[in-house]
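Below: one structure, written as structure tokens.
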Amino acid sequence: MKLYSSKSRCSTLSAAWIAYAVPHSTSLALKSNFSRAQFLSAGAASFVTATSGLATNAESCDAMDKIKTQGTKNPRYIEKELEMKYADGPDGNPRSRGILVRRFTGDSTPYSFPVSPIRLVKEWPEKTPFRPEDFQRADSLDDSSFYTIPRLVYHIDEPAVASLTQYYRKNIPKGSAILDICASWVSHFPLEFPDTMSKICATGMNALELGFNDQLTGGFKDKDLNADPTLPYDDASFDVVTCVVSIDYLIEPVKVLEEVCRILKPGGKIIISQSNRCFPSKAISMWLQMNDRQHLELINGYFQYAGGFKEPRKAFDITATQPDNSYCDPMFIIEAVKA
């Protein structure tokens, strides 16, 4: 399986593709103390790992609890073994295997993080111009099938992740109640957020992936927003909503943003981040025909028709830069504040 990019790339995505079915009885646990030998010797499931773009001599990484207790500088990476139960043995004992994952913290990197404002100029008509075929997808099958197998991967490269993490740190106030929609096993928040925010909740397609997300202090609810665009939360219950490189998959984005407006407190905001990467079979038709700038204008149009958000909306190019000016996945932000 490959990820689509709307422009040529000089490097491939760093990822670990997990290639086995997960039965309904799947459960999970985290283990901080492990050896690479133990991981490699674990059996009973196959997986494929593709890595590139990572430092070849990466520093050793401690688990998050060790970071907090020692008060050391945040590492660049955190490696963990995620233990997945896949069956019960004939003796009634659970059978499981460990999966080694590497998490980008967004800290201690060589990247720079410029923030450049983008002026949104498209004037949208009073009535929505969208047609049903604009939201069609090459793969129109039930999304739950596509997302059944957990993908413990990054869909953007490390510089893009780091730029988003740094943006969150500077633009989400301490004590905020946060909801991450269309979430997965990582939410890209700074390491300190579970301690400094009042709560962090999430919705997403895969409960197993969400269960591995150790930043969700307020829990999670697995939810297919294409099957039902309502959010399972009370009115005015969050200060900030985030959505990372996922709005291109929504077939009813205006309804989802109406729900976001409902659950935001007055003055609360949504931060939508977007790159140029996607699963082309699941992205909506009109998205695939647009460039990065047009994507931002389109999202602004969604806000226009959802209603309840202040004007003008703010957009930024937060693409990271490397010391040698080599390629980084682009990263864009559009923010909207509830009126």
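A note on labels: chains of the structure tokens are A, B, ... as shown, every chain counts residues from 1, and ligands are counted from 1 in their shown order.
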
**Item:** Exercise: segment 102-109 of chain A partners within 6 Å, only C-alpha atoms, chain neighbours under 3 positions left out, as a ChimeraX atom specification
**Value:** /A:76-79,162,165

**Prompt:** Using the chain letters and numbers from this document, which residues of segment 167-209 of chain A does DSSP assign to helix (DSSP H, G or I), as a PyMOL selection string?
**Reply:** chain A and resi 167-171+193-196+207-209

Can I get the selection written as a PDB file, in the first residue's frame, with N, CA and C atoms?
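That gives us again_0.pdb:
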ATOM      1  N   TYR A 167       3.467  24.083  16.648  1.00  0.00           N
ATOM      2  CA  TYR A 167       2.349  25.008  16.483  1.00  0.00           C
ATOM      3  C   TYR A 167       1.332  24.831  17.604  1.00  0.00           C
ATOM      4  N   TYR A 168       1.021  23.577  17.919  1.00  0.00           N
ATOM      5  CA  TYR A 168       0.096  23.320  19.022  1.00  0.00           C
ATOM      6  C   TYR A 168       0.624  23.919  20.326  1.00  0.00           C
ATOM      7  N   ARG A 169       1.903  23.741  20.587  1.00  0.00           N
ATOM      8  CA  ARG A 169       2.484  24.234  21.841  1.00  0.00           C
ATOM      9  C   ARG A 169       2.301  25.750  21.981  1.00  0.00           C
ATOM     10  N   LYS A 170       2.400  26.461  20.876  1.00  0.00           N
ATOM     11  CA  LYS A 170       2.329  27.922  20.910  1.00  0.00           C
ATOM     12  C   LYS A 170       0.905  28.458  20.815  1.00  0.00           C
ATOM     13  N   ASN A 171      -0.032  27.637  20.360  1.00  0.00           N
ATOM     14  CA  ASN A 171      -1.353  28.165  20.042  1.00  0.00           C
ATOM     15  C   ASN A 171      -2.518  27.500  20.767  1.00  0.00           C
ATOM     16  N   PHE A 193       1.357  17.973  27.208  1.00  0.00           N
ATOM     17  CA  PHE A 193      -0.071  18.287  27.134  1.00  0.00           C
ATOM     18  C   PHE A 193      -0.949  17.446  28.066  1.00  0.00           C
ATOM     19  N   PRO A 194      -0.710  16.147  28.220  1.00  0.00           N
ATOM     20  CA  PRO A 194      -1.566  15.392  29.150  1.00  0.00           C
ATOM     21  C   PRO A 194      -1.555  15.956  30.564  1.00  0.00           C
ATOM     22  N   ASP A 195      -0.467  16.628  30.942  1.00  0.00           N
ATOM     23  CA  ASP A 195      -0.379  17.215  32.282  1.00  0.00           C
ATOM     24  C   ASP A 195      -0.875  18.648  32.336  1.00  0.00           C
ATOM     25  N   THR A 196      -0.779  19.374  31.216  1.00  0.00           N
ATOM     26  CA  THR A 196      -1.101  20.803  31.249  1.00  0.00           C
ATOM     27  C   THR A 196      -2.498  21.129  30.729  1.00  0.00           C
ATOM     28  N   ALA A 207     -10.608   1.577  17.149  1.00  0.00           N
ATOM     29  CA  ALA A 207     -10.506   1.591  18.611  1.00  0.00           C
ATOM     30  C   ALA A 207      -9.152   1.092  19.096  1.00  0.00           C
ATOM     31  N   LEU A 208      -8.570   0.160  18.366  1.00  0.00           N
ATOM     32  CA  LEU A 208      -7.267  -0.366  18.772  1.00  0.00           C
ATOM     33  C   LEU A 208      -6.195   0.718  18.676  1.00  0.00           C
ATOM     34  N   GLU A 209      -6.174   1.440  17.559  1.00  0.00           N
ATOM     35  CA  GLU A 209      -5.222   2.538  17.420  1.00  0.00           C
ATOM     36  C   GLU A 209      -5.435   3.588  18.503  1.00  0.00           C
TER      37      GLU A 209
END

**Request:** Going by DSSP on the backbone, which bits of segment 164-264 of chain A are strand (DSSP E or B)? Write them as a ChimeraX atom specification, please.
**Result:** /A:177-181,199-204,220-222,238-244,264

**Prompt:** With distances taken over only C-alpha atoms, which of A:Ile272, A:Ala283, A:Tyr305, A:Asn226 is nearest to Asp142 of chain A?
**Reply:** A:Asn226

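In this structure, atom CA of Ala336 of chain A sits 15.5 Å away from atom CA of Pro173 of chain A.
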
**Message:** Quick one: residues within 12 Å of Ser140 of chain A, only C-alpha atoms, excluding same-chain residues fewer than 2 positions away - as an MDAnalysis selection string?
**Reply:** chainID A and resid 133 135:138 142:146 226:227 249:251 280:285

Write a file of the selected residues as a PDB file, in the first residue's frame, keeping C-alpha atoms.
ATOM      1  CA  GLU A 133     -20.216  13.909  -7.283  1.00  0.00           C
ATOM      2  CA  PHE A 135     -17.793  14.042  -2.570  1.00  0.00           C
ATOM      3  CA  GLN A 136     -17.587  10.736  -4.416  1.00  0.00           C
ATOM      4  CA  ARG A 137     -14.577   8.506  -3.803  1.00  0.00           C
ATOM      5  CA  ALA A 138     -12.880   5.811  -5.828  1.00  0.00           C
ATOM      6  CA  ASP A 142     -17.774   1.046   4.101  1.00  0.00           C
ATOM      7  CA  ASP A 143     -14.832   2.847   5.712  1.00  0.00           C
ATOM      8  CA  SER A 144     -14.894   0.486   8.665  1.00  0.00           C
ATOM      9  CA  SER A 145     -13.506  -2.254   6.413  1.00  0.00           C
ATOM     10  CA  PHE A 146     -10.659  -0.061   5.195  1.00  0.00           C
ATOM     11  CA  ASN A 226     -18.897   9.303   7.255  1.00  0.00           C
ATOM     12  CA  ALA A 227     -21.594   6.950   8.518  1.00  0.00           C
ATOM     13  CA  TYR A 249     -11.780  11.979   3.644  1.00  0.00           C
ATOM     14  CA  LEU A 250     -15.068  13.381   4.967  1.00  0.00           C
ATOM     15  CA  ILE A 251     -18.049  13.064   2.648  1.00  0.00           C
ATOM     16  CA  PRO A 280      -6.365   8.602  -3.011  1.00  0.00           C
ATOM     17  CA  SER A 281      -8.983   5.867  -2.987  1.00  0.00           C
ATOM     18  CA  LYS A 282     -10.592   7.410   0.120  1.00  0.00           C
ATOM     19  CA  ALA A 283     -10.156  11.139  -0.556  1.00  0.00           C
ATOM     20  CA  ILE A 284     -13.132  12.927  -2.092  1.00  0.00           C
ATOM     21  CA  SER A 285     -13.087  13.607  -5.825  1.00  0.00           C
TER      22      SER A 285
END

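For the pair atom CA of Glu297 of chain A and atom CA of Leu120 of chain A, the separation is 6.2 Å.
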
Do you know which residues are at most 10 Å from Thr217 of chain A counting only C-alpha atoms, after dropping those on the same chain fewer than 5 positions away, and could you put them as a JSON list (two decimals) with N, CA, C and O atoms, in the first residue's frame?
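Result written to result27.json:
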[["chain", "number", "residue", "atom", "x", "y", "z"],
["A", 178, "ILE", "N", -9.50, 19.53, 25.00],
["A", 178, "ILE", "CA", -9.21, 19.31, 23.58],
["A", 178, "ILE", "C", -9.92, 18.05, 23.09],
["A", 178, "ILE", "O", -9.95, 17.03, 23.77],
["A", 193, "PHE", "N", 1.36, 17.97, 27.21],
["A", 193, "PHE", "CA", -0.07, 18.29, 27.13],
["A", 193, "PHE", "C", -0.95, 17.45, 28.07],
["A", 193, "PHE", "O", -1.91, 17.97, 28.64],
["A", 194, "PRO", "N", -0.71, 16.15, 28.22],
["A", 194, "PRO", "CA", -1.57, 15.39, 29.15],
["A", 194, "PRO", "C", -1.56, 15.96, 30.56],
["A", 194, "PRO", "O", -2.53, 15.81, 31.30],
["A", 195, "ASP", "N", -0.47, 16.63, 30.94],
["A", 195, "ASP", "CA", -0.38, 17.22, 32.28],
["A", 195, "ASP", "C", -0.87, 18.65, 32.34],
["A", 195, "ASP", "O", -1.36, 19.10, 33.37],
["A", 197, "MET", "N", -3.16, 20.19, 30.07],
["A", 197, "MET", "CA", -4.51, 20.41, 29.56],
["A", 197, "MET", "C", -5.54, 19.78, 30.50],
["A", 197, "MET", "O", -5.27, 18.78, 31.16],
["A", 198, "SER", "N", -6.73, 20.35, 30.54],
["A", 198, "SER", "CA", -7.75, 19.83, 31.46],
["A", 198, "SER", "C", -8.20, 18.43, 31.05],
["A", 198, "SER", "O", -8.46, 17.57, 31.89],
["A", 199, "LYS", "N", -8.28, 18.19, 29.75],
["A", 199, "LYS", "CA", -8.57, 16.83, 29.25],
["A", 199, "LYS", "C", -8.27, 16.80, 27.75],
["A", 199, "LYS", "O", -8.31, 17.82, 27.06],
["A", 200, "ILE", "N", -7.92, 15.61, 27.27],
["A", 200, "ILE", "CA", -7.73, 15.39, 25.85],
["A", 200, "ILE", "C", -8.55, 14.17, 25.47],
["A", 200, "ILE", "O", -8.33, 13.07, 25.99],
["A", 201, "CYS", "N", -9.51, 14.36, 24.58],
["A", 201, "CYS", "CA", -10.38, 13.28, 24.11],
["A", 201, "CYS", "C", -10.16, 13.09, 22.60],
["A", 201, "CYS", "O", -9.53, 13.91, 21.94],
["A", 202, "ALA", "N", -10.70, 12.01, 22.07],
["A", 202, "ALA", "CA", -10.54, 11.75, 20.64],
["A", 202, "ALA", "C", -11.67, 10.90, 20.11],
["A", 202, "ALA", "O", -12.27, 10.10, 20.84]]

**Request:** Excluding Tyr147 of chain A and any residue of its chain fewer than 3 positions from it, enumerate the residues within 12 Å of it, using only C-alpha atoms, and give them as JSON, numbers by chain.
**Result:** {"A": [18, 21, 22, 141, 142, 143, 144, 150, 151, 152, 182, 183, 184, 204, 205, 206, 207, 208, 209, 222, 223, 224, 279, 282]}

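Going from atom CA of Gln289 of chain A to atom CA of Lys127 of chain A covers 21.8 Å.
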
How close does each residue of segment 148-267 of chain A get to segment 307-327 of chain A, giving the shortest atom pair and distance in Å to one decimal for every residue with an atom at most 9 Å away, counting only C-alpha atoms, sorted by chain and residue number, as a Markdown table?
| residue | atom | partner | partner_atom | distance |
| --- | --- | --- | --- | --- |
| A:Pro159 | CA | A:Ala320 | CA | 5.6 |
| A:Ala160 | CA | A:Ala320 | CA | 6.3 |
| A:Ala162 | CA | A:Ala320 | CA | 7.8 |
| A:Ser163 | CA | A:Ala320 | CA | 5.7 |
| A:Leu164 | CA | A:Ile318 | CA | 7.6 |
| A:Tyr167 | CA | A:Ile318 | CA | 7.9 |
| A:Val254 | CA | A:Gly307 | CA | 8.9 |
| A:Leu257 | CA | A:Gly307 | CA | 8.5 |
| A:Glu258 | CA | A:Gly307 | CA | 7.0 |
| A:Cys261 | CA | A:Gly308 | CA | 6.4 |
| A:Arg262 | CA | A:Gly308 | CA | 8.6 |

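Remark: for Ser112 of chain A, the closest of the candidate residues A:Leu298, A:Cys328, A:Val337, A:Leu225 is A:Cys328 (distances computed over only C-alpha atoms).
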
Can you pull out the residues contacting Ser237 of chain A? Cut-off 9 Å, using only C-alpha atoms, and skip same-chain residues under 4 positions away; I want them as an mmCIF file with all heavy atoms, in the first residue's frame.
data_model
loop_
_atom_site.group_PDB
_atom_site.id
_atom_site.type_symbol
_atom_site.label_atom_id
_atom_site.label_comp_id
_atom_site.auth_asym_id
_atom_site.auth_seq_id
_atom_site.Cartn_x
_atom_site.Cartn_y
_atom_site.Cartn_z
ATOM 1 N N ALA A 177 -9.617 22.122 27.197
ATOM 2 C CA ALA A 177 -10.235 20.820 26.937
ATOM 3 C C ALA A 177 -10.172 20.607 25.425
ATOM 4 O O ALA A 177 -10.718 21.400 24.660
ATOM 5 C CB ALA A 177 -11.670 20.794 27.425
ATOM 6 N N TYR A 233 -20.644 14.138 22.000
ATOM 7 C CA TYR A 233 -20.258 14.974 23.139
ATOM 8 C C TYR A 233 -21.303 16.069 23.346
ATOM 9 O O TYR A 233 -22.040 16.439 22.423
ATOM 10 C CB TYR A 233 -18.877 15.597 22.907
ATOM 11 C CG TYR A 233 -17.776 14.578 22.798
ATOM 12 C CD1 TYR A 233 -17.315 14.160 21.548
ATOM 13 C CD2 TYR A 233 -17.212 13.993 23.930
ATOM 14 C CE1 TYR A 233 -16.315 13.198 21.430
ATOM 15 C CE2 TYR A 233 -16.204 13.034 23.824
ATOM 16 C CZ TYR A 233 -15.771 12.648 22.575
ATOM 17 O OH TYR A 233 -14.788 11.693 22.469
ATOM 18 N N ARG A 262 -21.028 23.112 17.514
ATOM 19 C CA ARG A 262 -21.928 22.830 18.628
ATOM 20 C C ARG A 262 -21.177 22.475 19.899
ATOM 21 O O ARG A 262 -21.521 22.937 20.995
ATOM 22 C CB ARG A 262 -22.873 21.683 18.246
ATOM 23 C CG ARG A 262 -23.832 21.266 19.360
ATOM 24 C CD ARG A 262 -24.663 20.056 18.976
ATOM 25 N NE ARG A 262 -23.871 18.845 18.780
ATOM 26 C CZ ARG A 262 -23.406 18.070 19.758
ATOM 27 N NH1 ARG A 262 -23.641 18.396 21.040
ATOM 28 N NH2 ARG A 262 -22.704 16.979 19.485
ATOM 29 N N ILE A 263 -20.136 21.649 19.781
ATOM 30 C CA ILE A 263 -19.448 21.171 20.983
ATOM 31 C C ILE A 263 -18.376 22.138 21.479
ATOM 32 O O ILE A 263 -17.890 21.991 22.599
ATOM 33 C CB ILE A 263 -18.835 19.777 20.758
ATOM 34 C CG1 ILE A 263 -17.710 19.848 19.729
ATOM 35 C CG2 ILE A 263 -19.901 18.771 20.359
ATOM 36 C CD1 ILE A 263 -16.873 18.605 19.661
ATOM 37 N N LEU A 264 -18.016 23.132 20.646
ATOM 38 C CA LEU A 264 -17.045 24.130 21.094
ATOM 39 C C LEU A 264 -17.703 25.131 22.040
ATOM 40 O O LEU A 264 -18.873 25.502 21.870
ATOM 41 C CB LEU A 264 -16.465 24.887 19.900
ATOM 42 C CG LEU A 264 -15.302 24.244 19.137
ATOM 43 C CD1 LEU A 264 -14.970 25.076 17.897
ATOM 44 C CD2 LEU A 264 -14.068 24.092 20.025
ATOM 45 N N LYS A 265 -16.946 25.582 23.016
ATOM 46 C CA LYS A 265 -17.394 26.672 23.872
ATOM 47 C C LYS A 265 -17.336 27.977 23.085
ATOM 48 O O LYS A 265 -16.561 28.081 22.125
ATOM 49 C CB LYS A 265 -16.505 26.777 25.113
ATOM 50 C CG LYS A 265 -16.489 25.528 25.977
ATOM 51 C CD LYS A 265 -15.482 25.660 27.111
ATOM 52 C CE LYS A 265 -15.383 24.370 27.920
ATOM 53 N NZ LYS A 265 -14.352 24.472 29.001
#
